[in-house]
>>> print(open('entry00.cif').read())   # mmCIF, C-alpha atoms and all ligand atoms
data_query
#
loop_
_atom_site.label_atom_id
_atom_site.label_comp_id
_atom_site.auth_asym_id
_atom_site.auth_seq_id
_atom_site.Cartn_x
_atom_site.Cartn_y
_atom_site.Cartn_z
CA MET A 141 -23.14 20.17 -13.09
CA ASP A 142 -25.12 20.33 -9.89
CA VAL A 143 -22.76 19.24 -7.10
CA ALA A 144 -25.51 17.18 -5.46
CA GLU A 145 -25.94 15.22 -8.68
CA ASP A 146 -22.24 14.44 -8.71
CA MET A 147 -22.32 12.51 -5.43
CA HIS A 148 -22.39 8.73 -5.28
CA VAL A 149 -22.68 6.29 -2.42
CA VAL A 150 -19.77 3.87 -2.56
CA SER A 151 -19.50 0.72 -0.50
CA MET A 152 -16.47 -1.47 -0.07
CA SER A 153 -14.58 -3.47 2.50
CA VAL A 154 -11.65 -1.66 4.12
CA ASN A 155 -9.42 -3.61 6.48
CA GLY A 156 -12.14 -6.20 6.84
CA GLU A 157 -14.86 -3.72 7.78
CA PRO A 158 -17.73 -2.71 5.49
CA VAL A 159 -17.70 1.04 4.73
CA SER A 160 -20.20 3.11 2.86
CA ARG A 161 -19.85 6.83 2.15
CA SER A 162 -21.24 9.48 -0.18
CA VAL A 163 -18.40 10.81 -2.35
CA SER A 164 -17.95 13.02 -5.36
CA SER A 165 -17.29 11.20 -8.62
CA ARG A 166 -13.96 13.10 -8.67
CA THR A 167 -12.73 11.96 -5.25
CA LEU A 168 -9.46 10.09 -5.52
CA LEU A 169 -9.22 6.82 -3.64
CA CYS A 170 -6.19 8.11 -1.67
CA ASP A 171 -8.18 11.14 -0.52
CA PHE A 172 -11.15 8.93 0.35
CA ILE A 173 -8.92 6.69 2.44
CA ARG A 174 -7.12 9.54 4.20
CA ASP A 175 -9.85 12.17 4.52
CA ASP A 176 -13.12 10.25 4.67
CA LEU A 177 -11.86 7.18 6.51
CA GLN A 178 -9.05 8.92 8.44
CA LEU A 179 -6.61 6.13 7.57
CA VAL A 180 -3.64 8.45 7.20
CA ALA A 181 -0.87 5.86 7.06
CA THR A 182 -1.45 5.77 3.31
CA HIS A 183 0.78 8.58 2.10
CA ILE A 184 0.58 10.78 -0.96
CA GLY A 185 3.86 11.70 -2.65
CA CYS A 186 3.78 12.56 -6.34
CA GLY A 187 0.02 12.31 -6.72
CA GLU A 188 0.44 11.11 -10.28
CA GLY A 189 1.15 7.39 -10.14
CA VAL A 190 4.95 7.50 -10.11
CA CYS A 191 6.33 7.12 -6.58
CA GLY A 192 4.29 4.31 -5.01
CA SER A 193 3.79 6.06 -1.65
CA CYS A 194 0.02 5.73 -1.91
CA THR A 195 -0.01 1.97 -2.49
CA VAL A 196 -2.80 -0.05 -0.90
CA ILE A 197 -3.84 -3.64 -1.52
CA ILE A 198 -7.00 -3.98 -3.58
CA ASP A 199 -8.45 -7.48 -3.96
CA GLY A 200 -5.03 -8.89 -3.11
CA GLN A 201 -3.05 -6.77 -5.54
CA PRO A 202 -0.97 -3.67 -4.78
CA ALA A 203 -2.44 -0.58 -6.44
CA ARG A 204 -1.75 3.15 -6.45
CA SER A 205 -4.62 4.86 -4.75
CA CYS A 206 -3.75 8.24 -6.30
CA THR A 207 -4.61 7.04 -9.79
CA LEU A 208 -7.98 5.54 -8.90
CA LEU A 209 -11.24 7.19 -8.09
CA ALA A 210 -13.10 6.10 -4.99
CA VAL A 211 -16.07 5.16 -7.15
CA GLN A 212 -13.85 2.79 -9.14
CA ALA A 213 -13.08 0.89 -5.93
CA ALA A 214 -16.73 0.31 -5.09
CA GLY A 215 -17.35 -3.33 -4.22
CA SER A 216 -13.68 -4.14 -3.72
CA SER A 217 -11.78 -5.32 -0.69
CA ILE A 218 -9.05 -2.87 0.33
CA VAL A 219 -6.29 -3.34 2.86
CA THR A 220 -4.35 -0.29 4.02
CA ILE A 221 -1.24 -0.27 6.14
CA GLU A 222 -3.43 0.03 9.24
CA GLY A 223 -5.06 -3.26 8.31
CA LEU A 224 -1.70 -5.03 8.23
CA ASN A 225 -0.75 -4.02 11.76
CA PRO A 226 -1.12 -6.74 14.37
CA ASP A 227 -2.67 -5.78 17.70
CA VAL A 228 0.65 -6.39 19.39
CA GLY A 229 4.19 -6.26 18.02
CA LEU A 230 5.19 -6.31 14.37
CA ASN A 231 3.99 -8.36 11.45
CA LYS A 232 6.68 -10.37 9.67
CA VAL A 233 7.20 -7.78 6.93
CA GLN A 234 7.66 -5.02 9.49
CA ALA A 235 9.99 -7.27 11.51
CA ALA A 236 12.15 -8.03 8.47
CA PHE A 237 12.32 -4.32 7.57
CA GLN A 238 13.41 -3.60 11.12
CA GLU A 239 15.99 -6.41 11.14
CA PHE A 240 17.62 -5.28 7.89
CA HIS A 241 17.31 -1.53 8.57
CA ALA A 242 14.97 -1.17 5.61
CA LEU A 243 12.62 1.15 7.49
CA GLN A 244 14.08 4.29 6.04
CA CYS A 245 11.89 7.37 5.76
CA GLY A 246 8.24 7.50 6.72
CA PHE A 247 7.21 8.72 3.31
CA CYS A 248 7.83 5.71 1.13
CA THR A 249 7.71 3.01 3.80
CA PRO A 250 3.93 2.44 4.07
CA GLY A 251 3.60 1.89 0.34
CA LEU A 252 6.60 -0.42 0.30
CA LEU A 253 5.22 -2.45 3.20
CA ALA A 254 1.91 -2.87 1.38
CA THR A 255 3.58 -4.07 -1.81
CA VAL A 256 5.98 -6.40 0.01
CA HIS A 257 3.11 -7.84 2.03
CA SER A 258 1.32 -8.75 -1.20
CA MET A 259 4.58 -10.24 -2.58
CA VAL A 260 4.89 -12.45 0.49
CA GLU A 261 1.23 -13.48 0.28
CA ALA A 262 1.76 -14.41 -3.38
CA ARG A 263 4.80 -16.49 -2.37
CA LEU A 264 6.94 -14.95 -5.10
CA PRO A 265 10.39 -16.44 -5.66
CA ALA A 266 13.31 -14.78 -3.90
CA ASP A 267 15.28 -13.92 -7.02
CA ASP A 268 16.44 -10.39 -7.59
CA ASP A 269 14.81 -9.99 -11.01
CA THR A 270 11.41 -10.75 -9.49
CA ILE A 271 11.98 -8.53 -6.48
CA VAL A 272 13.25 -5.57 -8.48
CA ALA A 273 10.40 -5.88 -10.99
CA HIS A 274 7.79 -5.83 -8.21
CA LEU A 275 9.44 -2.95 -6.34
CA SER A 276 10.12 -0.88 -9.44
CA GLY A 277 7.02 1.20 -8.83
CA HIS A 278 8.44 2.56 -5.56
CA LEU A 279 10.80 5.49 -5.75
CA CYS A 280 13.16 6.43 -2.95
CA ARG A 281 13.98 10.11 -2.92
CA CYS A 282 16.62 9.99 -0.24
CA THR A 283 18.29 6.77 0.84
CA GLY A 284 18.43 3.80 -1.52
CA TYR A 285 17.22 0.28 -1.98
CA VAL A 286 20.00 -1.98 -0.65
CA ASN A 287 18.49 -2.70 2.76
CA ILE A 288 14.98 -2.99 1.34
CA LEU A 289 16.22 -5.65 -1.08
CA LYS A 290 17.89 -7.51 1.79
CA ALA A 291 14.66 -7.55 3.78
CA VAL A 292 12.55 -8.72 0.84
CA ARG A 293 15.06 -11.42 -0.15
CA SER A 294 14.96 -12.74 3.40
CA LEU A 295 11.16 -12.76 3.55
CA LEU A 296 10.73 -14.55 0.24
CA ALA A 297 13.53 -17.03 0.96
CA GLU A 298 11.88 -17.84 4.30
CA ASN A 299 8.60 -18.38 2.45
CA ALA A 300 10.27 -20.76 0.01
CA ALA A 301 11.72 -22.79 2.86
CA THR A 302 8.37 -23.43 4.54
FE1 LIG B 1 0.52 7.76 -5.75
FE2 LIG B 1 2.98 8.77 -5.93
S1 LIG B 1 1.36 9.38 -4.61
S2 LIG B 1 2.16 7.01 -6.92
FE1 LIG B 2 11.71 6.92 1.82
FE2 LIG B 2 13.88 7.32 0.39
S1 LIG B 2 11.91 8.06 0.02
S2 LIG B 2 13.72 6.17 2.23
#
>>> encode(input="entry00.cif", output="structure tokens", more="lines below")
Ligand code: FES
Ligand code: FES
Amino acid sequence: MDVAEDMHVVSMSVNGEPVSRSVSSRTLLCDFIRDDLQLVATHIGCGEGVCGSCTVIIDGQPARSCTLLAVQAAGSSIVTIEGLNPDVGLNKVQAAFQEFHALQCGFCTPGLLATVHSMVEARLPADDDTIVAHLSGHLCRCTGYVNILKAVRSLLAENAAT
């Protein structure tokens, strides 16, 4: 196939800003986000949909950007970890991760923060079955989940109380 014929202009919203780029039909969304948009806080671990490191929020739902093509995300609204950062200080998910020492390694953390942010937005209940089910797509290679669970329990319990 002629390479020029394989290019498509994709438009979407990323972190509240409209973006439009010409990409190959084979470009993965994670590569589009990191390489074309230079939003490198989205990490790539396994590259095959297992570890959760590449998670971004698409139309309000956490999704693995390594298993989607950029062209499949055309027209959607994407939030990356950069889009969750406040101008000053920490957002409440970051603050809870800091308080409970759940900020472990830099590899898995961005994806976890994205998923937990969407859990908080959805006002999920603070029970362990719900939390574990929603975090089951995130694999830790090195530390464990105890402090992450503490942080998420606290966030969801705080939500339920307000
Ligand atoms: Fe996407 Fe592991 S890099 S799930
Ligand atoms: Fe990040 Fe284990 S992979 S803390």
>>> residues_around(input="entry00.cif", residues="Gly189 in chain A", least_positions_apart="3", cutoff="12 Å", atoms="all atoms listed in the file", output="NGL selection string")
:A and (168 or 170 or 184-186 or 192-195 or 203-208 or 277-279)
>>> residues_near_ligand(input="entry00.cif", ligand="ligand LIG 2 (chain B)", cutoff="8 Å", atoms="only C-alpha atoms and all ligand atoms", output="JSON, numbers by chain")
{"A": [243, 244, 245, 246, 247, 248, 249, 279, 280, 281, 282, 283, 284]}
>>> closest_residue(input="entry00.cif", among="A:Gly251, A:Gly187, A:Gly223, A:Gly200", to="ligand LIG 1 (chain B)", atoms="only C-alpha atoms and all ligand atoms")
A:Gly187
>>> atom_distance(input="entry00.cif", atom1="CA of Ala262 in chain A", atom2="CA of Asn299 in chain A")
9.8 Å
>>> residues_around(input="entry00.cif", residues="Leu296 in chain A", least_positions_apart="4", cutoff="12 Å", atoms="all atoms listed in the file", output="PyMOL selection string")
chain A and resi 232-233+236+256-268+270-271+289-292+300-302
>>> residues_near_point(input="entry00.cif", point="(-15.1, 7.4, -1.1)", cutoff="7 Å", atoms="only C-alpha atoms", output="MDAnalysis selection string")
chainID A and resid 150 161:163 167 169 172 176 210:211
